[in-house]
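File shown here: final.csv, holding CSV, C-alpha atoms.
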```csv
chain,number,residue,atom,x,y,z
A,7,MET,CA,44.8,77.6,102.7
A,8,ALA,CA,41.2,78.3,101.5
A,9,SER,CA,39.1,80.5,103.8
A,10,THR,CA,35.6,79.3,104.5
A,11,ALA,CA,32.8,81.9,104.3
A,12,PRO,CA,30.8,82.4,107.5
A,13,PRO,CA,27.4,80.8,107.5
A,14,THR,CA,24.6,82.9,106.4
A,15,LEU,CA,22.2,83.8,109.2
A,16,PRO,CA,18.5,83.5,108.4
A,17,ILE,CA,16.7,86.8,108.4
A,18,SER,CA,13.0,86.8,109.2
A,19,ILE,CA,11.0,89.4,107.4
A,20,PRO,CA,7.8,90.4,109.2
A,21,SER,CA,4.7,89.7,107.1
A,22,ALA,CA,2.6,92.6,106.0
A,23,ALA,CA,-0.4,90.9,107.6
A,24,ALA,CA,1.0,91.3,111.1
A,25,PRO,CA,-0.2,94.8,111.7
A,26,SER,CA,-3.7,93.9,110.6
A,27,SER,CA,-3.8,90.9,112.9
A,28,LEU,CA,-2.8,93.2,115.8
A,29,GLU,CA,-5.4,95.7,114.8
A,30,SER,CA,-8.0,92.9,114.8
A,31,GLN,CA,-7.2,92.2,118.5
A,32,GLN,CA,-7.8,95.8,119.4
A,33,PRO,CA,-10.2,96.0,122.4
A,34,PRO,CA,-13.7,97.3,121.6
A,35,ILE,CA,-13.2,100.4,123.7
A,36,ALA,CA,-10.6,101.7,121.3
A,37,THR,CA,-12.4,101.1,118.1
A,38,PRO,CA,-13.2,104.1,115.9
A,39,ALA,CA,-16.9,103.3,116.1
A,40,PHE,CA,-16.9,103.6,119.9
A,41,ARG,CA,-15.0,106.8,119.8
A,42,ALA,CA,-17.3,108.2,117.2
A,43,PHE,CA,-20.3,107.2,119.3
A,44,ILE,CA,-18.9,108.9,122.4
A,45,ASN,CA,-18.0,112.0,120.5
A,46,ARG,CA,-21.4,112.2,118.9
A,47,ILE,CA,-23.2,111.8,122.2
A,48,SER,CA,-21.0,114.5,123.8
A,49,GLU,CA,-21.7,116.9,120.9
A,50,THR,CA,-25.4,116.2,121.1
A,51,VAL,CA,-25.6,116.7,124.9
A,52,ALA,CA,-23.7,120.0,124.6
A,53,ASN,CA,-25.9,121.2,121.8
A,54,GLY,CA,-29.0,120.3,123.9
A,55,LEU,CA,-27.7,122.1,127.0
A,56,SER,CA,-27.0,125.2,124.9
A,57,GLN,CA,-30.8,125.4,124.3
A,58,ARG,CA,-31.6,125.7,128.0
A,59,ARG,CA,-33.4,128.7,129.4
A,60,PRO,CA,-31.8,130.9,132.1
A,61,TRP,CA,-32.2,129.2,135.5
A,62,ALA,CA,-33.2,132.5,137.0
A,63,GLU,CA,-36.4,132.4,135.0
A,64,LEU,CA,-37.1,128.8,136.2
A,65,ALA,CA,-36.6,129.8,139.8
A,66,ASP,CA,-38.4,133.2,139.6
A,67,ARG,CA,-40.6,133.1,142.8
A,68,SER,CA,-42.5,136.3,141.7
A,69,ALA,CA,-44.0,134.3,138.8
A,70,LEU,CA,-45.5,131.6,141.0
A,71,SER,CA,-49.3,131.6,141.5
A,72,LYS,CA,-52.0,129.1,142.2
A,73,PRO,CA,-53.9,127.9,139.1
A,74,GLU,CA,-57.7,128.6,139.3
A,75,SER,CA,-58.6,125.2,137.8
A,76,ILE,CA,-57.2,121.9,136.7
A,77,SER,CA,-57.6,122.9,133.0
A,78,GLU,CA,-55.6,126.1,133.7
A,79,ALA,CA,-52.9,124.0,135.4
A,80,ALA,CA,-52.8,121.7,132.4
A,81,VAL,CA,-52.4,124.7,130.1
A,82,ARG,CA,-49.6,126.1,132.2
A,83,ILE,CA,-47.8,122.7,132.3
A,84,ARG,CA,-47.9,122.5,128.5
A,85,LYS,CA,-46.6,126.0,128.0
A,86,ASN,CA,-43.9,125.8,130.7
A,87,TYR,CA,-42.9,122.4,129.3
A,88,SER,CA,-42.5,123.9,125.8
A,89,TYR,CA,-40.3,126.7,127.2
A,90,PHE,CA,-38.3,125.0,129.9
A,91,LYS,CA,-38.1,121.5,128.4
A,92,VAL,CA,-34.3,121.3,128.4
A,93,ASN,CA,-34.2,122.6,132.0
A,94,TYR,CA,-36.8,120.1,133.0
A,95,LEU,CA,-34.7,117.3,131.4
A,96,ALA,CA,-31.6,118.5,133.3
A,97,VAL,CA,-33.5,118.5,136.6
A,98,ALA,CA,-34.9,115.0,136.0
A,99,THR,CA,-31.5,113.7,135.1
A,100,ALA,CA,-30.0,115.2,138.2
A,101,ILE,CA,-32.6,113.6,140.4
A,102,VAL,CA,-32.0,110.2,138.8
A,103,GLY,CA,-28.2,110.6,139.1
A,104,PHE,CA,-28.6,111.6,142.8
A,105,SER,CA,-30.8,108.6,143.5
A,106,LEU,CA,-28.2,106.3,141.9
A,107,VAL,CA,-25.3,107.9,143.8
A,108,THR,CA,-27.1,107.4,147.1
A,109,HIS,CA,-27.7,103.7,146.2
A,110,PRO,CA,-24.1,102.6,145.2
A,111,PHE,CA,-25.0,98.9,144.7
A,112,SER,CA,-27.8,99.9,142.2
A,113,LEU,CA,-25.3,102.2,140.4
A,114,ALA,CA,-22.7,99.4,140.3
A,115,PHE,CA,-25.3,97.0,138.8
A,116,LEU,CA,-26.4,99.5,136.2
A,117,LEU,CA,-22.8,100.3,135.2
A,118,CYS,CA,-22.1,96.6,134.8
A,119,LEU,CA,-25.2,96.1,132.7
A,120,LEU,CA,-24.3,99.1,130.5
A,121,ALA,CA,-20.7,97.9,130.1
A,122,SER,CA,-21.8,94.4,129.2
A,123,TRP,CA,-24.1,95.6,126.4
A,124,LEU,CA,-21.4,98.0,125.0
A,125,PHE,CA,-18.4,95.7,125.1
A,126,LEU,CA,-19.9,92.3,124.7
A,127,TYR,CA,-22.5,93.1,122.0
A,128,LEU,CA,-22.8,96.6,120.5
A,129,PHE,CA,-19.1,97.4,119.9
A,130,ARG,CA,-17.7,93.9,119.6
A,131,PRO,CA,-16.8,93.0,116.0
A,132,SER,CA,-18.9,90.1,114.8
A,133,ASP,CA,-15.8,88.1,113.8
A,134,GLN,CA,-14.6,88.0,117.4
A,135,PRO,CA,-16.8,85.7,119.4
A,136,VAL,CA,-17.1,85.9,123.2
A,137,VAL,CA,-15.0,83.2,124.9
A,138,ILE,CA,-15.5,82.7,128.6
A,139,LEU,CA,-13.7,79.8,130.5
A,140,GLY,CA,-12.8,78.2,127.2
A,141,ARG,CA,-16.4,78.2,125.9
A,142,THR,CA,-17.3,80.2,122.7
A,143,PHE,CA,-20.6,82.0,122.7
A,144,SER,CA,-22.4,82.8,119.5
A,145,ASP,CA,-24.1,86.2,118.9
A,146,ARG,CA,-27.5,84.7,119.6
A,147,GLU,CA,-26.3,83.1,122.9
A,148,THR,CA,-24.5,86.4,123.9
A,149,LEU,CA,-27.7,88.4,123.2
A,150,GLY,CA,-29.8,85.9,125.2
A,151,CYS,CA,-27.5,86.1,128.1
A,152,LEU,CA,-27.5,89.9,128.0
A,153,ILE,CA,-31.3,90.0,128.0
A,154,LEU,CA,-31.5,87.6,130.9
A,155,PHE,CA,-28.9,89.7,132.8
A,156,SER,CA,-30.9,92.9,132.0
A,157,ILE,CA,-34.1,91.3,133.4
A,158,PHE,CA,-32.2,90.2,136.5
A,159,VAL,CA,-30.7,93.7,137.1
A,160,VAL,CA,-33.9,95.7,136.4
A,161,PHE,CA,-36.6,93.4,138.0
A,162,LEU,CA,-34.8,91.3,140.6
A,163,THR,CA,-32.6,94.0,142.2
A,164,ASP,CA,-33.2,97.5,143.5
A,165,VAL,CA,-32.2,99.1,140.2
A,166,GLY,CA,-35.7,99.1,138.8
A,167,SER,CA,-37.4,100.5,141.9
A,168,VAL,CA,-34.7,103.2,142.3
A,169,LEU,CA,-35.1,104.3,138.7
A,170,VAL,CA,-38.9,104.3,138.8
A,171,SER,CA,-39.0,106.2,142.1
A,172,ALA,CA,-36.5,108.8,140.8
A,173,VAL,CA,-38.4,109.3,137.6
A,174,MET,CA,-41.7,109.7,139.5
A,175,VAL,CA,-40.2,112.3,141.8
A,176,GLY,CA,-38.8,114.2,138.8
A,177,VAL,CA,-42.1,114.1,136.9
A,178,ALA,CA,-44.0,115.3,140.1
A,179,LEU,CA,-41.6,118.2,140.6
A,180,ILE,CA,-41.8,119.2,136.9
A,181,CYS,CA,-45.6,119.0,136.9
A,182,ALA,CA,-45.8,121.0,140.2
A,183,HIS,CA,-43.5,123.7,138.8
A,184,GLY,CA,-45.3,123.8,135.5
A,185,ALA,CA,-48.7,124.2,137.2
A,186,PHE,CA,-47.7,127.0,139.6
A,187,ARG,CA,-45.4,128.9,137.3
A,188,ALA,CA,-47.4,131.6,135.4
A,189,PRO,CA,-46.2,131.6,131.8
A,190,GLU,CA,-47.5,135.0,130.9
A,191,ASP,CA,-44.0,136.6,131.0
A,192,LEU,CA,-42.4,133.9,128.8
A,193,PHE,CA,-41.7,134.4,125.2
A,194,LEU,CA,-43.4,131.4,123.6
A,195,ASP,CA,-43.1,130.7,119.9
A,196,GLU,CA,-46.2,128.8,118.9
A,197,GLN,CA,-44.7,128.1,115.5
A,198,GLU,CA,-41.9,126.1,117.0
A,199,PRO,CA,-41.9,122.5,115.8
A,200,ALA,CA,-43.0,120.0,118.4
A,201,ALA,CA,-39.9,117.9,118.1
A,202,THR,CA,-37.3,120.5,119.1
A,203,GLY,CA,-35.1,120.9,122.1
A,204,PHE,CA,-36.3,118.4,124.7
A,205,LEU,CA,-36.4,115.3,122.5
A,206,SER,CA,-34.9,116.3,119.2
A,207,PHE,CA,-31.3,116.2,120.3
A,208,LEU,CA,-31.9,112.8,122.0
A,209,SER,CA,-33.5,111.3,118.8
A,210,GLY,CA,-30.7,112.9,116.7
A,211,ALA,CA,-28.1,111.3,118.9
A,212,ALA,CA,-29.8,107.9,118.6
A,213,SER,CA,-30.1,108.1,114.8
A,214,SER,CA,-26.6,109.4,114.3
A,215,ALA,CA,-25.1,106.8,116.6
A,216,ALA,CA,-26.9,103.9,114.8
A,217,PRO,CA,-24.4,103.8,111.8
A,218,ALA,CA,-21.5,103.6,114.3
A,219,VAL,CA,-23.1,100.6,116.0
A,220,ILE,CA,-23.8,98.9,112.7
A,221,ALA,CA,-20.2,99.5,111.6
A,222,ALA,CA,-19.0,97.9,114.9
A,223,ARG,CA,-21.2,94.9,114.4
A,224,GLY,CA,-20.1,94.5,110.8
```

Is it possible to give me this structure as structure tokens?
Amino acid sequence: MASTAPPTLPISIPSAAAPSSLESQQPPIATPAFRAFINRISETVANGLSQRRPWAELADRSALSKPESISEAAVRIRKNYSYFKVNYLAVATAIVGFSLVTHPFSLAFLLCLLASWLFLYLFRPSDQPVVILGRTFSDRETLGCLILFSIFVVFLTDVGSVLVSAVMVGVALICAHGAFRAPEDLFLDEQEPAATGFLSFLSGAASSAAPAVIAARG
């Protein structure tokens, strides 16, 4: 009696393109461009904070004196700004942060706006359109919606007034400290380039982050 061979079971071999298709569905927050952007911003902020002056010098009450004229006050502000620029930026940032924390709705609106720009436009690959409720939005439509949303958040809510008020308070405090703080005991290097410290690490962060954004949009 002849024995019949068992039927051959089909074996499915996964295609080599499957991992790439899974990678293409990777959320924007995990993309290498986004990680590189965050790492570069962190390194730049840490480098900028390392250039700050001792806080004891900033709060030295014995160095406070009334300026004799407006021109002397302006000279003091310029010299103190050149010396304490990173400290001043930290103070202004703390004032803005405190203002946003005390206005939770404004903070929530601002975080939603920032997240919308990051994940719907800046770090979203151009080959992955935005789909909301079954409707596909092109890059131009997405950009237009984000601009309208930004105008709504900044001008039609309390976010704009909170930010402007906080910045004005920070500038007023910085100018007051710079005008009444005598800079004679400070070591001022007049040969220092104008674009160092206060704004150089910010511009460096923006310029170095640009390639990451371009790569994400490509």

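Picture a line from CA of Arg58 in chain A to CA of Asn93 in chain A; it runs 5.7 Å.
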
Query raised in the report: For the atom pair CA of His183 in chain A and CA of Ser171 in chain A, what is the interatomic distance in Å to one decimal place?
Result: 18.4 Å

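Checking A:Leu120, A:Leu149, A:Val92, A:Leu128 one by one against Pro60 in chain A, counting all atoms listed in the file, you find the shortest gap at A:Val92.
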
Query raised in the report: So which residues touch Glu63 in chain A within 10 Å, counting all atoms listed in the file, skipping near sequence neighbours fewer than 6 positions away, as a PyMOL selection string?
Result: chain A and resi 69+90+187+191-192

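Distances to Leu95 in chain A were evaluated for A:Ala65, A:Gly140, A:Gly176, A:Thr148 using all atoms listed in the file, and the minimum falls at A:Gly176.
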
Query raised in the report: What lies within 10 Å of Tyr87 in chain A using all atoms listed in the file, ignoring chain neighbours under 2 positions off, as a PyMOL selection string?
Result: chain A and resi 81-85+89-95+180-181+183-185+204

Any chance you can output those residues with C-alpha atoms as a PDB file, keeping the file's coordinate frame?
```
ATOM      1  CA  VAL A  81     -52.400 124.700 130.100  1.00  0.00           C
ATOM      2  CA  ARG A  82     -49.600 126.100 132.200  1.00  0.00           C
ATOM      3  CA  ILE A  83     -47.800 122.700 132.300  1.00  0.00           C
ATOM      4  CA  ARG A  84     -47.900 122.500 128.500  1.00  0.00           C
ATOM      5  CA  LYS A  85     -46.600 126.000 128.000  1.00  0.00           C
ATOM      6  CA  TYR A  89     -40.300 126.700 127.200  1.00  0.00           C
ATOM      7  CA  PHE A  90     -38.300 125.000 129.900  1.00  0.00           C
ATOM      8  CA  LYS A  91     -38.100 121.500 128.400  1.00  0.00           C
ATOM      9  CA  VAL A  92     -34.300 121.300 128.400  1.00  0.00           C
ATOM     10  CA  ASN A  93     -34.200 122.600 132.000  1.00  0.00           C
ATOM     11  CA  TYR A  94     -36.800 120.100 133.000  1.00  0.00           C
ATOM     12  CA  LEU A  95     -34.700 117.300 131.400  1.00  0.00           C
ATOM     13  CA  ILE A 180     -41.800 119.200 136.900  1.00  0.00           C
ATOM     14  CA  CYS A 181     -45.600 119.000 136.900  1.00  0.00           C
ATOM     15  CA  HIS A 183     -43.500 123.700 138.800  1.00  0.00           C
ATOM     16  CA  GLY A 184     -45.300 123.800 135.500  1.00  0.00           C
ATOM     17  CA  ALA A 185     -48.700 124.200 137.200  1.00  0.00           C
ATOM     18  CA  PHE A 204     -36.300 118.400 124.700  1.00  0.00           C
TER      19      PHE A 204
END
```

May I have the residues within 7 Å of range 155-168 of chain A as a JSON list (two decimals) with C-alpha atoms, in the frame of the given file, using only C-alpha atoms and disregarding those fewer than 3 positions away in the same chain?
```
[["chain", "number", "residue", "atom", "x", "y", "z"],
["A", 105, "SER", "CA", -30.80, 108.60, 143.50],
["A", 112, "SER", "CA", -27.80, 99.90, 142.20],
["A", 115, "PHE", "CA", -25.30, 97.00, 138.80],
["A", 119, "LEU", "CA", -25.20, 96.10, 132.70],
["A", 151, "CYS", "CA", -27.50, 86.10, 128.10],
["A", 152, "LEU", "CA", -27.50, 89.90, 128.00],
["A", 171, "SER", "CA", -39.00, 106.20, 142.10],
["A", 172, "ALA", "CA", -36.50, 108.80, 140.80]]
```

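Separating CA of Leu124 in chain A from CA of Thr142 in chain A is a distance of 18.4 Å.
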
As a compact mmCIF listing (two decimals), in the coordinates of the input, could you write out range 106-117 of chain A once it has been completed with all heavy atoms?
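Contents of out_22.txt, as written:
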```
# COMPACT_ATOMS: atom_id res chain seq x y z
N LEU A 106 -29.16 107.35 142.13
CA LEU A 106 -28.20 106.30 141.90
C LEU A 106 -26.97 106.41 142.76
O LEU A 106 -26.42 105.41 143.26
CB LEU A 106 -27.83 106.22 140.42
CG LEU A 106 -28.93 105.77 139.46
CD1 LEU A 106 -28.46 105.89 138.01
CD2 LEU A 106 -29.35 104.33 139.74
N VAL A 107 -26.51 107.65 142.96
CA VAL A 107 -25.30 107.90 143.80
C VAL A 107 -25.59 107.46 145.23
O VAL A 107 -24.72 106.90 145.92
CB VAL A 107 -24.85 109.32 143.68
CG1 VAL A 107 -23.79 109.63 144.73
CG2 VAL A 107 -24.30 109.60 142.29
N THR A 108 -26.80 107.74 145.72
CA THR A 108 -27.10 107.40 147.10
C THR A 108 -27.45 105.89 147.24
O THR A 108 -27.65 105.42 148.37
CB THR A 108 -28.35 108.20 147.56
OG1 THR A 108 -29.44 108.02 146.63
CG2 THR A 108 -28.00 109.67 147.65
N HIS A 109 -27.50 105.17 146.14
CA HIS A 109 -27.70 103.70 146.20
C HIS A 109 -26.50 103.10 145.37
O HIS A 109 -26.65 102.76 144.19
CB HIS A 109 -29.01 103.28 145.57
CG HIS A 109 -30.19 103.76 146.34
ND1 HIS A 109 -30.67 105.04 146.25
CD2 HIS A 109 -31.01 103.11 147.24
CE1 HIS A 109 -31.73 105.18 147.03
NE2 HIS A 109 -31.95 104.03 147.65
N PRO A 110 -25.32 102.99 145.97
CA PRO A 110 -24.10 102.60 145.20
C PRO A 110 -24.24 101.18 144.61
O PRO A 110 -23.70 100.94 143.53
CB PRO A 110 -23.00 102.65 146.26
CG PRO A 110 -23.70 102.59 147.59
CD PRO A 110 -25.02 103.25 147.39
N PHE A 111 -24.92 100.26 145.26
CA PHE A 111 -25.00 98.90 144.70
C PHE A 111 -25.89 98.95 143.42
O PHE A 111 -25.57 98.27 142.43
CB PHE A 111 -25.65 97.96 145.72
CG PHE A 111 -24.73 97.61 146.84
CD1 PHE A 111 -24.89 98.18 148.10
CD2 PHE A 111 -23.68 96.72 146.65
CE1 PHE A 111 -24.04 97.86 149.14
CE2 PHE A 111 -22.82 96.39 147.69
CZ PHE A 111 -23.00 96.97 148.93
N SER A 112 -26.96 99.72 143.42
CA SER A 112 -27.80 99.90 142.20
C SER A 112 -26.96 100.51 141.10
O SER A 112 -27.05 100.11 139.93
CB SER A 112 -29.02 100.68 142.51
OG SER A 112 -29.83 100.05 143.47
N LEU A 113 -26.17 101.52 141.44
CA LEU A 113 -25.30 102.20 140.40
C LEU A 113 -24.30 101.20 139.87
O LEU A 113 -24.06 101.18 138.66
CB LEU A 113 -24.62 103.37 141.07
CG LEU A 113 -23.67 104.16 140.16
CD1 LEU A 113 -24.41 104.73 138.96
CD2 LEU A 113 -22.99 105.29 140.95
N ALA A 114 -23.70 100.37 140.74
CA ALA A 114 -22.70 99.40 140.30
C ALA A 114 -23.37 98.37 139.33
O ALA A 114 -22.82 98.03 138.28
CB ALA A 114 -22.06 98.70 141.45
N PHE A 115 -24.56 97.89 139.70
CA PHE A 115 -25.30 97.00 138.80
C PHE A 115 -25.59 97.59 137.48
O PHE A 115 -25.45 96.95 136.42
CB PHE A 115 -26.56 96.48 139.50
CG PHE A 115 -26.38 95.29 140.39
CD1 PHE A 115 -26.67 95.37 141.75
CD2 PHE A 115 -25.92 94.09 139.88
CE1 PHE A 115 -26.51 94.27 142.59
CE2 PHE A 115 -25.75 92.98 140.71
CZ PHE A 115 -26.04 93.07 142.05
N LEU A 116 -26.04 98.84 137.50
CA LEU A 116 -26.40 99.50 136.20
C LEU A 116 -25.20 99.75 135.36
O LEU A 116 -25.26 99.58 134.13
CB LEU A 116 -27.10 100.84 136.56
CG LEU A 116 -27.83 101.53 135.41
CD1 LEU A 116 -28.95 100.65 134.87
CD2 LEU A 116 -28.38 102.88 135.85
N LEU A 117 -24.06 100.12 135.96
CA LEU A 117 -22.80 100.30 135.20
C LEU A 117 -22.35 99.00 134.59
O LEU A 117 -21.88 98.97 133.44
CB LEU A 117 -21.77 100.96 136.05
CG LEU A 117 -22.02 102.41 136.47
CD1 LEU A 117 -20.88 102.90 137.37
CD2 LEU A 117 -22.15 103.32 135.25
```
